[in-house]
Amino acid sequence: MWHKISFRLLKHELKRGELTIMALAIILSVTAVLSLSIFSDRLQAGLTERSSEFLAADRVLSSRRDIPQEWLEQAGQMNLKTSWKVVFNSMAFADENMTLVDIKAVSDGYPLRGQLEIADEPFGQGYVAEGLPAEGEAWVASQLFQALQLDIGDDIEVGNSSFKVTKVVTYEPDVGFSVFTDSPNVIIRHSQLEETGLIQPGSRVRFNVLMAGDNSDITAYEDWLLPRLNDDTHSWRSIEDGDSPLSRSLNRAERFMMLASLLGVVLAATAVAVAAQRYCQRNYDVVAIFKTLGASRQQIRRIFLLHLLLLTAASVAVGMALGWAIQYVVIEWVAQKLDATLPQAGWQPYALAGATGVISAVMFTLYPLFRLVSIPPLRVLHRQLTAGNAVRWLQWVLSGGTIYALLVIYSQQWWLSTALFAGGAVAAVILLGLGRLFISASRKAGMQAGSSWRLAMAGLQRRAAANSVQMLSFSTAIMLLLLVIVLRNDLLEDWKRQLPADAPNYFAINIAEDNVDDMQSMFERENIPSTDLYPIVPGRLTHINGEKLEDEVTKEERDEEVSDEDASENDGREGIGRELSLTWRDSLPPNNELTAGEWWGDNAEPQVSVELNVSERLDIKVGDELRFNLGGEEFTVPVTSLRKADWNTLQPNFYMIFNTSTLEDFPATYITSFRLDEERKSDLYELFKPFPQASLIDLDAMIDQIREVIGQVSLAIVFVLVLVIIAGALVLVAQVQASMEERQKELVILRTLGAPGKLLSRSITYEFLVLGAISGLIATLAMEISLFILQNQVFNMTPVIHWKLWLLGPAFGAVVVAVLGRLSCYRLIQRNTAQLIRKLT
Amino acid sequence: MLIQAQQLEKTVDTSEGPLQILQPINVSINAGDTVAIVGASGSGKSTLLSLLAGLDLASSGEVLIENEKLSELDEEQRAKVRADKVGFIFQSFLLVPSLSALENVMLPAELAGHKGAEKEARELLAKVGLEDRWHHYPNQLSGGEQQRVAIARAFVGQPKILFADEPTGNLDAKTGGKVEELLFDLNKDYGTTLIVVTHDQRLAKRCQRVLQMDAGQLSEAAQDVA
């Protein structure tokens, strides 16, 4: 029988709109979580796919020796696509010219991820290559045309073989972003490798097998392969979080989206909590009637639990459908706009969204429900009777626990959740106190004002307890909104700063010392913005405080590591034991910041400044003695400073910078980066003709890729923002609605006493105005504090104070709360007194 | 004896110390009696009603319904007693706003697990003259109509006792008269024991017994049989 009653209540209350806010809140939280997590899942998958292009594969098996053919066959049997990529250095000859080149011998299918682009002339417009060079042909990088004085159609000799140069390579996905791939590339067919005679025992060759396929197939192959690998000779790599500007931007974006959605979910959960409380309060009479008519506690519990579960289930279902539809539309739009396909998401987002809806609905309704069930039947005669407050702690434990659980489930990061939660709890207590303080202050101010104001302030004061709770949710909602908006702007600004329209798009390296002045004047003459020219001396760090470091890694490996930008692979001391690019300078480079010690200035004593990440990795401190080996010559210098370098800028950065007197006598080549606009690209050949030794690296492809990704992410952020705004508005409406009953009673009395409608409507508006302004002010304060912590701890950004918001926050709060409050009370004021009285009884 | 109150007292704590609302009260009500409790506002009429109906517990003394001591029952058991034996009518009607007239009338029978609640409810709605308005919600009904629904609800499941708290208090004289008529007619049909708290002398006069409440003390007033 009870379930029939439960169904009936649900049906009618839905029809009467009693449950709208609560249903909307649940729907919103499910919609937000689902659409966001599917969206970010698919975006993530798309980006990983895109990032895989940096490897030209999903996985790469590398070895210093040849790789057994059986391993490739096994990969083929397990549905993986494979392709050879053998890389080594060799001299290339054309007539009397010769230069060191990187030979890349690849087989059909290369690249498995991303695309190879070629052009018909040096520095020409690239297009996607279909296939690979034919037998006896080679495709070479633009720089080689300068170095070897080549033309298309000429032959180059490599080892015992001769290859006809038929195309110019303009973009190789796996060349990565490194200024130290200093030799131009030559691409030939893997099948012709043997006849070059360059692969001999002891040659410094890197054999790579590229592999691509479904995740499950890759995992299966991994299980088969890994036991067979020899750690000394083989490496098995995938795209991991690297140190590239792209992956850092992505990490930040992902953290932002996660955080913003988290806040969105907390807001939606708050709306559920407020709505649930109000819903239960509205049902106090109903429960008293039920009990009077003989209903047992158990019956009542069942009736309302079922009622809420039905509501939850229906809302979760609607939320799921809506969330799916939204992400579908948004994804299609994004994909269309960015000309990309995004892979499907797994089942996890659905589970996460469902869980969020059910958890927030159930946990936030438990306490109000508990109170509801304990309403005494005597309330039918004494309406002032409510439930006891005996287990009020339960409410705090339940709602606090739920919010914390949601934070953990959603972020999967204990420390972040705990920090956010603890911060939030402290903020809540402070906000409550501040709110009360402000209300009592405004009451005093209001006493001196006109009657509408006086009435409004009296109202505020009278409902001080309820209002400070209300203000807490207003403040929280406004704060989270401001936080997300500001963070989004800061993040986008930060990216824009990193990739300004005039960011360098070329690196010039291997510049001869004699050419430095000429090149500088060429840049000035041609009006080409460039960075300083930095000298580079190759050298090795061999000892720290007399302790010898692991060393002796071949140059090929160095190239490979650096070109992959895969910092995670550089495991500590061995990593830095490789040859480094050392430089000297009098002044601290732009975008570098000292974190310890002092810059040398005019001090001529030999010394070195170490980049912060390296110093952390190798545990180097100011005062440590580092020994370097530069082409056989060894010397020891003290570390006098540590520097933080901004690796996001497309400018030369160095791990080790020496003062001038220490290095200036060593032979050096120079490096710079510069900006050449698209329309002047054809001049490049002419501009660099006087510097045949210099090599150029085109960064445009990479920059475009980063821009594209940032474009996608920015769209995602806008989407998150919209959801958070809706969630915030919902909390505000739920809160205003919650106070409606109380207001209604007051209005009746005032109306009955003959207060004119205008006075009442003004006083209500003023009350909300003040409430909103105070909430806005508190919110701005709280936002600045949270922002400071977040930018410092989570986003590694430089915190700034947002002065504008100190005006905007309170104004925004006042206007939004007043409008929402006024709209919610509109019907109340329009009713005549008799209608109001009737509604109350 | 259907209802007995023995040495019934009610004291509440106030900021100025304990306040005795009911002096020791002894009263017995037979099955089928119609009893009015009259008295000034604040004299303790409603408190007495809440104790007799088991909505509240006495500070001392005893209420027995069919020889069952309410003080020995927990809240759940008292709810069961109400479900089985008691019906209510209130001044402010107290209909469930989100249930239709029919559903409101069915409610006690459904809570008690009676089969055929709907049929019985429809018959009762017909008896109170609202058979055409069964699907209306309380806010779509006038005060008099709402009270008629409440009366129908009170009689569903044929309770032995009907408590009515100022049943005509919120109605104008004409409507009040009609409601009163209906109440007594149904009471006669069902043979219910009616205990009505009222200010309304005319209503009190229609009862077999009138109990006068005065500052927490109850006395029997002389009464002609209606």
# chains A, B, ... in the order shown; residues from 1 in each chain; ligands from 1

call {"tool": "interface_residues", "arguments": {"of": "chain B", "to": "chain A", "cutoff": "6 Å", "atoms": "only C-alpha atoms", "output": "ChimeraX atom specification"}}
result
/B:55,76,79-80,82-83,96,98,108,110-111

call {"tool": "residues_around", "arguments": {"residues": "Gly54 of chain B", "least_positions_apart": "3", "cutoff": "7 Å", "atoms": "only C-alpha atoms", "output": "list in words"}}
result
Ser50, Leu51, Leu57, Leu70 and Arg78 of chain B

call {"tool": "closest_residue", "arguments": {"among": "B:Thr34, B:Gln146, B:Asn139, B:Ser43", "to": "Phe184 of chain B", "atoms": "only C-alpha atoms"}}
result
B:Thr34

call {"tool": "closest_residue", "arguments": {"among": "B:Ile37, B:Leu94, B:Leu130, B:Val63", "to": "Glu9 of chain B", "atoms": "only C-alpha atoms"}}
result
B:Val63

call {"tool": "residues_around", "arguments": {"residues": "Glu220 of chain B", "least_positions_apart": "6", "cutoff": "9 Å", "atoms": "only C-alpha atoms", "output": "list in words"}}
result
Arg209, Val210, Leu211, Gln212 and Met213 of chain B

call {"tool": "residues_around", "arguments": {"residues": "Ile509 of chain A", "least_positions_apart": "6", "cutoff": "12 Å", "atoms": "only C-alpha atoms", "output": "PyMOL selection string"}}
result
chain A and resi 143+178-184+515-516+519+533-536+581+652+668-674+688+691-698

call {"tool": "write_last_selection", "arguments": {"atoms": "N, CA and C atoms", "output": "mmCIF file, in the first residue's frame"}}
result
data_model
loop_
_atom_site.group_PDB
_atom_site.id
_atom_site.type_symbol
_atom_site.label_atom_id
_atom_site.label_comp_id
_atom_site.auth_asym_id
_atom_site.auth_seq_id
_atom_site.Cartn_x
_atom_site.Cartn_y
_atom_site.Cartn_z
ATOM 1 N N GLN A 143 67.582 22.063 -45.030
ATOM 2 C CA GLN A 143 68.930 22.540 -44.685
ATOM 3 C C GLN A 143 70.009 21.879 -45.529
ATOM 4 N N SER A 178 63.132 19.783 -30.896
ATOM 5 C CA SER A 178 64.416 19.904 -30.238
ATOM 6 C C SER A 178 65.343 20.685 -31.138
ATOM 7 N N VAL A 179 66.086 21.548 -30.522
ATOM 8 C CA VAL A 179 67.015 22.329 -31.323
ATOM 9 C C VAL A 179 68.330 21.581 -31.488
ATOM 10 N N PHE A 180 68.409 20.429 -30.858
ATOM 11 C CA PHE A 180 69.705 19.749 -30.881
ATOM 12 C C PHE A 180 69.756 18.571 -31.849
ATOM 13 N N THR A 181 68.688 18.372 -32.607
ATOM 14 C CA THR A 181 68.811 17.409 -33.703
ATOM 15 C C THR A 181 69.571 18.182 -34.765
ATOM 16 N N ASP A 182 70.863 18.213 -34.590
ATOM 17 C CA ASP A 182 71.615 19.203 -35.336
ATOM 18 C C ASP A 182 71.954 18.802 -36.756
ATOM 19 N N SER A 183 71.790 17.509 -37.104
ATOM 20 C CA SER A 183 72.095 17.151 -38.487
ATOM 21 C C SER A 183 70.808 17.069 -39.283
ATOM 22 N N PRO A 184 70.828 17.532 -40.527
ATOM 23 C CA PRO A 184 69.606 17.415 -41.327
ATOM 24 C C PRO A 184 69.283 15.954 -41.616
ATOM 25 N N ASN A 515 80.082 34.205 -37.991
ATOM 26 C CA ASN A 515 78.824 34.674 -38.580
ATOM 27 C C ASN A 515 77.928 35.422 -37.608
ATOM 28 N N VAL A 516 78.312 35.408 -36.341
ATOM 29 C CA VAL A 516 77.408 35.942 -35.326
ATOM 30 C C VAL A 516 77.021 37.397 -35.622
ATOM 31 N N MET A 519 74.938 37.764 -38.797
ATOM 32 C CA MET A 519 73.559 37.294 -38.647
ATOM 33 C C MET A 519 72.729 38.297 -37.836
ATOM 34 N N LEU A 533 71.943 35.719 -29.599
ATOM 35 C CA LEU A 533 72.628 34.514 -30.089
ATOM 36 C C LEU A 533 73.415 33.948 -28.921
ATOM 37 N N TYR A 534 73.116 32.691 -28.604
ATOM 38 C CA TYR A 534 73.784 32.062 -27.461
ATOM 39 C C TYR A 534 74.893 31.149 -27.963
ATOM 40 N N PRO A 535 76.072 31.256 -27.376
ATOM 41 C CA PRO A 535 77.120 30.316 -27.754
ATOM 42 C C PRO A 535 76.809 28.932 -27.173
ATOM 43 N N ILE A 536 77.204 27.898 -27.863
ATOM 44 C CA ILE A 536 77.030 26.539 -27.338
ATOM 45 C C ILE A 536 78.361 25.810 -27.388
ATOM 46 N N SER A 581 74.594 20.919 -23.753
ATOM 47 C CA SER A 581 74.924 22.144 -24.467
ATOM 48 C C SER A 581 75.149 23.213 -23.411
ATOM 49 N N PRO A 652 65.888 29.674 -26.751
ATOM 50 C CA PRO A 652 66.913 28.756 -26.264
ATOM 51 C C PRO A 652 66.968 28.791 -24.742
ATOM 52 N N ALA A 668 82.980 27.502 -30.023
ATOM 53 C CA ALA A 668 81.527 27.399 -29.840
ATOM 54 C C ALA A 668 80.803 27.612 -31.158
ATOM 55 N N THR A 669 79.622 27.051 -31.228
ATOM 56 C CA THR A 669 78.704 27.439 -32.303
ATOM 57 C C THR A 669 77.586 28.208 -31.607
ATOM 58 N N TYR A 670 76.745 28.872 -32.395
ATOM 59 C CA TYR A 670 75.729 29.725 -31.781
ATOM 60 C C TYR A 670 74.323 29.281 -32.148
ATOM 61 N N ILE A 671 73.399 29.695 -31.303
ATOM 62 C CA ILE A 671 71.993 29.344 -31.534
ATOM 63 C C ILE A 671 71.120 30.575 -31.298
ATOM 64 N N THR A 672 70.047 30.677 -32.049
ATOM 65 C CA THR A 672 69.079 31.751 -31.806
ATOM 66 C C THR A 672 67.701 31.280 -32.264
ATOM 67 N N SER A 673 66.678 31.953 -31.839
ATOM 68 C CA SER A 673 65.368 31.675 -32.435
ATOM 69 C C SER A 673 64.805 32.988 -32.947
ATOM 70 N N PHE A 674 64.040 32.918 -34.018
ATOM 71 C CA PHE A 674 63.516 34.157 -34.602
ATOM 72 C C PHE A 674 62.146 33.926 -35.195
ATOM 73 N N PHE A 688 69.534 33.103 -45.653
ATOM 74 C CA PHE A 688 70.519 32.259 -44.969
ATOM 75 C C PHE A 688 71.614 31.728 -45.878
ATOM 76 N N PHE A 691 75.070 32.038 -44.682
ATOM 77 C CA PHE A 691 75.444 31.251 -43.489
ATOM 78 C C PHE A 691 75.252 29.762 -43.769
ATOM 79 N N PRO A 692 76.045 29.209 -44.671
ATOM 80 C CA PRO A 692 75.794 27.828 -45.097
ATOM 81 C C PRO A 692 75.921 26.831 -43.954
ATOM 82 N N GLN A 693 76.691 27.197 -42.951
ATOM 83 C CA GLN A 693 76.912 26.245 -41.859
ATOM 84 C C GLN A 693 75.703 26.126 -40.938
ATOM 85 N N ALA A 694 74.943 27.220 -40.895
ATOM 86 C CA ALA A 694 73.814 27.252 -39.968
ATOM 87 C C ALA A 694 72.696 26.322 -40.429
ATOM 88 N N SER A 695 72.039 25.699 -39.463
ATOM 89 C CA SER A 695 70.880 24.872 -39.812
ATOM 90 C C SER A 695 69.629 25.527 -39.242
ATOM 91 N N LEU A 696 68.544 25.336 -39.963
ATOM 92 C CA LEU A 696 67.275 25.950 -39.530
ATOM 93 C C LEU A 696 66.287 24.881 -39.105
ATOM 94 N N ILE A 697 65.553 25.179 -38.075
ATOM 95 C CA ILE A 697 64.491 24.260 -37.646
ATOM 96 C C ILE A 697 63.175 25.020 -37.665
ATOM 97 N N ASP A 698 62.245 24.467 -38.413
ATOM 98 C CA ASP A 698 60.946 25.119 -38.583
ATOM 99 C C ASP A 698 60.017 24.676 -37.455
#

call {"tool": "residues_around", "arguments": {"residues": "Pro159 of chain B", "least_positions_apart": "2", "cutoff": "7 Å", "atoms": "only C-alpha atoms", "output": "mmCIF file with N, CA and C atoms, in the first residue's frame"}}
result
data_model
loop_
_atom_site.group_PDB
_atom_site.id
_atom_site.type_symbol
_atom_site.label_atom_id
_atom_site.label_comp_id
_atom_site.auth_asym_id
_atom_site.auth_seq_id
_atom_site.Cartn_x
_atom_site.Cartn_y
_atom_site.Cartn_z
ATOM 1 N N ASP B 84 -6.277 1.932 13.835
ATOM 2 C CA ASP B 84 -7.372 0.965 13.951
ATOM 3 C C ASP B 84 -8.661 1.563 14.487
ATOM 4 N N LYS B 85 -8.530 2.560 15.400
ATOM 5 C CA LYS B 85 -9.735 2.928 16.147
ATOM 6 C C LYS B 85 -10.135 4.388 16.075
ATOM 7 N N VAL B 86 -9.232 5.246 15.548
ATOM 8 C CA VAL B 86 -9.487 6.676 15.715
ATOM 9 C C VAL B 86 -9.560 7.411 14.378
ATOM 10 N N GLY B 87 -10.470 8.364 14.294
ATOM 11 C CA GLY B 87 -10.519 9.266 13.150
ATOM 12 C C GLY B 87 -10.399 10.691 13.657
ATOM 13 N N PHE B 155 -14.178 9.203 8.574
ATOM 14 C CA PHE B 155 -15.068 8.043 8.743
ATOM 15 C C PHE B 155 -14.594 6.805 7.997
ATOM 16 N N GLY B 157 -12.754 3.562 7.051
ATOM 17 C CA GLY B 157 -12.231 2.526 7.935
ATOM 18 C C GLY B 157 -13.084 2.367 9.192
ATOM 19 N N ILE B 161 -13.775 5.806 17.384
ATOM 20 C CA ILE B 161 -13.781 7.126 18.017
ATOM 21 C C ILE B 161 -13.451 8.176 16.982
ATOM 22 N N LEU B 162 -14.144 9.297 17.063
ATOM 23 C CA LEU B 162 -13.835 10.407 16.167
ATOM 24 C C LEU B 162 -13.527 11.636 17.006
ATOM 25 N N THR B 192 -20.461 6.028 15.691
ATOM 26 C CA THR B 192 -19.140 6.365 16.199
ATOM 27 C C THR B 192 -19.250 7.161 17.497
#

call {"tool": "select_by_dssp", "arguments": {"residues": "segment 3-121 of chain B", "states": "strand (DSSP E or B)", "output": "compact mmCIF listing (two decimals) with N, CA, C and O atoms, in the first residue's frame"}}
result
# COMPACT_ATOMS: atom_id res chain seq x y z
N ILE B 3 -13.40 4.97 26.46
CA ILE B 3 -12.24 5.78 26.83
C ILE B 3 -12.33 6.15 28.31
O ILE B 3 -13.38 6.51 28.79
N GLN B 4 -11.17 6.04 28.96
CA GLN B 4 -11.13 6.46 30.34
C GLN B 4 -9.90 7.32 30.58
O GLN B 4 -8.82 6.99 30.11
N ALA B 5 -10.08 8.43 31.29
CA ALA B 5 -8.92 9.21 31.73
C ALA B 5 -8.88 9.14 33.24
O ALA B 5 -9.88 9.38 33.90
N GLN B 6 -7.72 8.75 33.77
CA GLN B 6 -7.61 8.61 35.22
C GLN B 6 -6.49 9.50 35.74
O GLN B 6 -5.33 9.30 35.35
N GLN B 7 -6.85 10.44 36.58
CA GLN B 7 -5.85 11.34 37.21
C GLN B 7 -4.90 11.93 36.17
O GLN B 7 -3.70 12.02 36.36
N LEU B 8 -5.46 12.34 35.05
CA LEU B 8 -4.65 12.80 33.92
C LEU B 8 -4.12 14.20 34.17
O LEU B 8 -4.89 15.11 34.44
N GLU B 9 -2.75 14.33 34.07
CA GLU B 9 -2.14 15.64 34.27
C GLU B 9 -1.19 15.94 33.14
O GLU B 9 -0.58 15.06 32.58
N LYS B 10 -1.06 17.25 32.84
CA LYS B 10 -0.06 17.64 31.86
C LYS B 10 0.65 18.88 32.36
O LYS B 10 0.01 19.90 32.66
N THR B 11 1.96 18.76 32.47
CA THR B 11 2.78 19.90 32.90
C THR B 11 3.83 20.14 31.82
O THR B 11 4.40 19.19 31.29
N VAL B 12 4.06 21.41 31.50
CA VAL B 12 5.16 21.70 30.56
C VAL B 12 6.16 22.62 31.23
O VAL B 12 5.81 23.39 32.14
N ASP B 13 7.42 22.49 30.77
CA ASP B 13 8.46 23.38 31.29
C ASP B 13 8.47 24.68 30.51
O ASP B 13 8.46 24.67 29.29
N THR B 14 8.46 25.79 31.24
CA THR B 14 8.60 27.08 30.56
C THR B 14 9.81 27.78 31.18
O THR B 14 10.40 27.28 32.14
N GLY B 17 9.57 28.30 34.88
CA GLY B 17 9.31 27.13 35.69
C GLY B 17 8.19 26.29 35.10
O GLY B 17 7.62 26.66 34.06
N PRO B 18 7.88 25.15 35.74
CA PRO B 18 6.84 24.26 35.20
C PRO B 18 5.45 24.89 35.22
O PRO B 18 5.12 25.64 36.15
N LEU B 19 4.68 24.61 34.17
CA LEU B 19 3.33 25.17 34.06
C LEU B 19 2.36 24.00 33.91
O LEU B 19 2.51 23.18 33.01
N GLN B 20 1.41 23.94 34.84
CA GLN B 20 0.44 22.85 34.78
C GLN B 20 -0.71 23.23 33.87
O GLN B 20 -1.45 24.17 34.16
N ILE B 21 -0.84 22.51 32.78
CA ILE B 21 -1.90 22.83 31.82
C ILE B 21 -3.18 22.09 32.17
O ILE B 21 -4.28 22.62 32.05
N LEU B 22 -3.02 20.84 32.60
CA LEU B 22 -4.20 20.08 33.02
C LEU B 22 -4.06 19.67 34.49
O LEU B 22 -3.04 19.11 34.89
N GLN B 23 -5.09 20.02 35.26
CA GLN B 23 -5.18 19.52 36.64
C GLN B 23 -5.62 18.06 36.55
O GLN B 23 -6.10 17.64 35.50
N PRO B 24 -5.44 17.29 37.61
CA PRO B 24 -5.84 15.88 37.50
C PRO B 24 -7.27 15.74 36.96
O PRO B 24 -8.19 16.36 37.49
N ILE B 25 -7.40 15.01 35.86
CA ILE B 25 -8.70 14.88 35.20
C ILE B 25 -9.13 13.43 35.19
O ILE B 25 -8.34 12.54 34.90
N ASN B 26 -10.40 13.22 35.55
CA ASN B 26 -10.99 11.88 35.50
C ASN B 26 -12.24 11.96 34.65
O ASN B 26 -13.13 12.76 34.94
N VAL B 27 -12.30 11.17 33.62
CA VAL B 27 -13.50 11.18 32.78
C VAL B 27 -13.63 9.83 32.09
O VAL B 27 -12.63 9.18 31.79
N SER B 28 -14.87 9.39 31.92
CA SER B 28 -15.11 8.13 31.20
C SER B 28 -16.10 8.39 30.09
O SER B 28 -17.07 9.13 30.27
N ILE B 29 -15.83 7.82 28.92
CA ILE B 29 -16.73 8.03 27.78
C ILE B 29 -17.14 6.67 27.24
O ILE B 29 -16.30 5.80 26.99
N THR B 34 -21.75 11.05 22.28
CA THR B 34 -21.26 12.26 21.62
C THR B 34 -20.95 13.25 22.73
O THR B 34 -21.81 13.59 23.53
N VAL B 35 -19.65 13.69 22.76
CA VAL B 35 -19.20 14.53 23.87
C VAL B 35 -18.60 15.81 23.33
O VAL B 35 -17.78 15.78 22.40
N ALA B 36 -19.00 16.92 23.89
CA ALA B 36 -18.39 18.20 23.53
C ALA B 36 -17.51 18.66 24.67
O ALA B 36 -17.88 18.54 25.82
N ILE B 37 -16.32 19.15 24.33
CA ILE B 37 -15.46 19.77 25.35
C ILE B 37 -15.43 21.25 25.02
O ILE B 37 -15.00 21.64 23.94
N VAL B 38 -15.96 22.06 25.94
CA VAL B 38 -16.01 23.50 25.68
C VAL B 38 -15.17 24.23 26.72
O VAL B 38 -14.78 23.67 27.73
N GLY B 39 -14.85 25.46 26.38
CA GLY B 39 -14.05 26.25 27.32
C GLY B 39 -13.37 27.38 26.59
O GLY B 39 -13.35 27.41 25.36
N SER B 60 1.43 12.71 34.05
CA SER B 60 1.10 11.59 34.94
C SER B 60 -0.35 11.23 34.71
O SER B 60 -1.08 11.93 34.01
N GLY B 61 -0.80 10.11 35.29
CA GLY B 61 -2.15 9.65 35.06
C GLY B 61 -2.21 8.75 33.84
O GLY B 61 -1.17 8.42 33.25
N GLU B 62 -3.39 8.38 33.47
CA GLU B 62 -3.53 7.33 32.46
C GLU B 62 -4.69 7.58 31.51
O GLU B 62 -5.72 8.12 31.90
N VAL B 63 -4.50 7.23 30.24
CA VAL B 63 -5.61 7.19 29.28
C VAL B 63 -5.76 5.74 28.85
O VAL B 63 -4.78 5.09 28.49
N LEU B 64 -6.98 5.23 28.92
CA LEU B 64 -7.23 3.86 28.46
C LEU B 64 -8.22 3.90 27.31
O LEU B 64 -9.26 4.54 27.40
N ILE B 65 -7.87 3.26 26.23
CA ILE B 65 -8.81 3.10 25.12
C ILE B 65 -9.10 1.61 25.03
O ILE B 65 -8.18 0.80 24.85
N GLU B 68 -6.93 -0.42 27.10
CA GLU B 68 -5.50 -0.49 26.78
C GLU B 68 -4.85 0.81 27.26
O GLU B 68 -5.31 1.90 26.91
N LYS B 69 -3.79 0.67 28.10
CA LYS B 69 -3.15 1.85 28.65
C LYS B 69 -2.22 2.47 27.61
O LYS B 69 -1.24 1.85 27.19
N VAL B 86 -9.23 5.25 15.55
CA VAL B 86 -9.49 6.68 15.72
C VAL B 86 -9.56 7.41 14.38
O VAL B 86 -8.79 7.11 13.46
N GLY B 87 -10.47 8.36 14.29
CA GLY B 87 -10.52 9.27 13.15
C GLY B 87 -10.40 10.69 13.66
O GLY B 87 -10.66 10.97 14.82
N PHE B 88 -9.95 11.62 12.77
CA PHE B 88 -9.75 13.01 13.19
C PHE B 88 -10.37 14.01 12.22
O PHE B 88 -10.36 13.80 11.01
N ILE B 89 -10.83 15.12 12.81
CA ILE B 89 -11.22 16.28 12.00
C ILE B 89 -10.62 17.50 12.68
O ILE B 89 -10.69 17.63 13.90
N PHE B 90 -9.95 18.34 11.86
CA PHE B 90 -9.28 19.51 12.44
C PHE B 90 -9.87 20.81 11.94
O PHE B 90 -10.43 20.87 10.84

call {"tool": "select_by_dssp", "arguments": {"residues": "segment 26-167 of chain B", "states": "alpha helix (DSSP H)", "output": "NGL selection string"}}
result
:B and (45-52 or 75-85 or 101-111 or 117-127 or 143-155)

call {"tool": "closest_residue", "arguments": {"among": "B:Glu181, B:Arg122, B:Lys45, B:Val128", "to": "Ser219 of chain B", "atoms": "only C-alpha atoms"}}
result
B:Lys45

call {"tool": "residues_around", "arguments": {"residues": "Lys127 of chain B", "least_positions_apart": "4", "cutoff": "9 Å", "atoms": "only C-alpha atoms", "output": "PDB file with C-alpha atoms, in the first residue's frame"}}
result
ATOM      1  CA  ARG B 122     -15.824   6.966  -3.117  1.00  0.00           C
ATOM      2  CA  GLU B 123     -18.936   6.016  -1.148  1.00  0.00           C
ATOM      3  CA  GLU B 131     -18.641  12.556  -5.665  1.00  0.00           C
ATOM      4  CA  ALA B 152     -15.178  11.664   4.762  1.00  0.00           C
ATOM      5  CA  LEU B 182     -23.072  16.125   7.980  1.00  0.00           C
ATOM      6  CA  LEU B 186     -22.587  10.259   9.563  1.00  0.00           C
TER       7      LEU B 186
END

call {"tool": "atom_distance", "arguments": {"atom1": "atom CA of Ile26 of chain A", "atom2": "atom CA of Gly357 of chain A"}}
result
5.7 Å
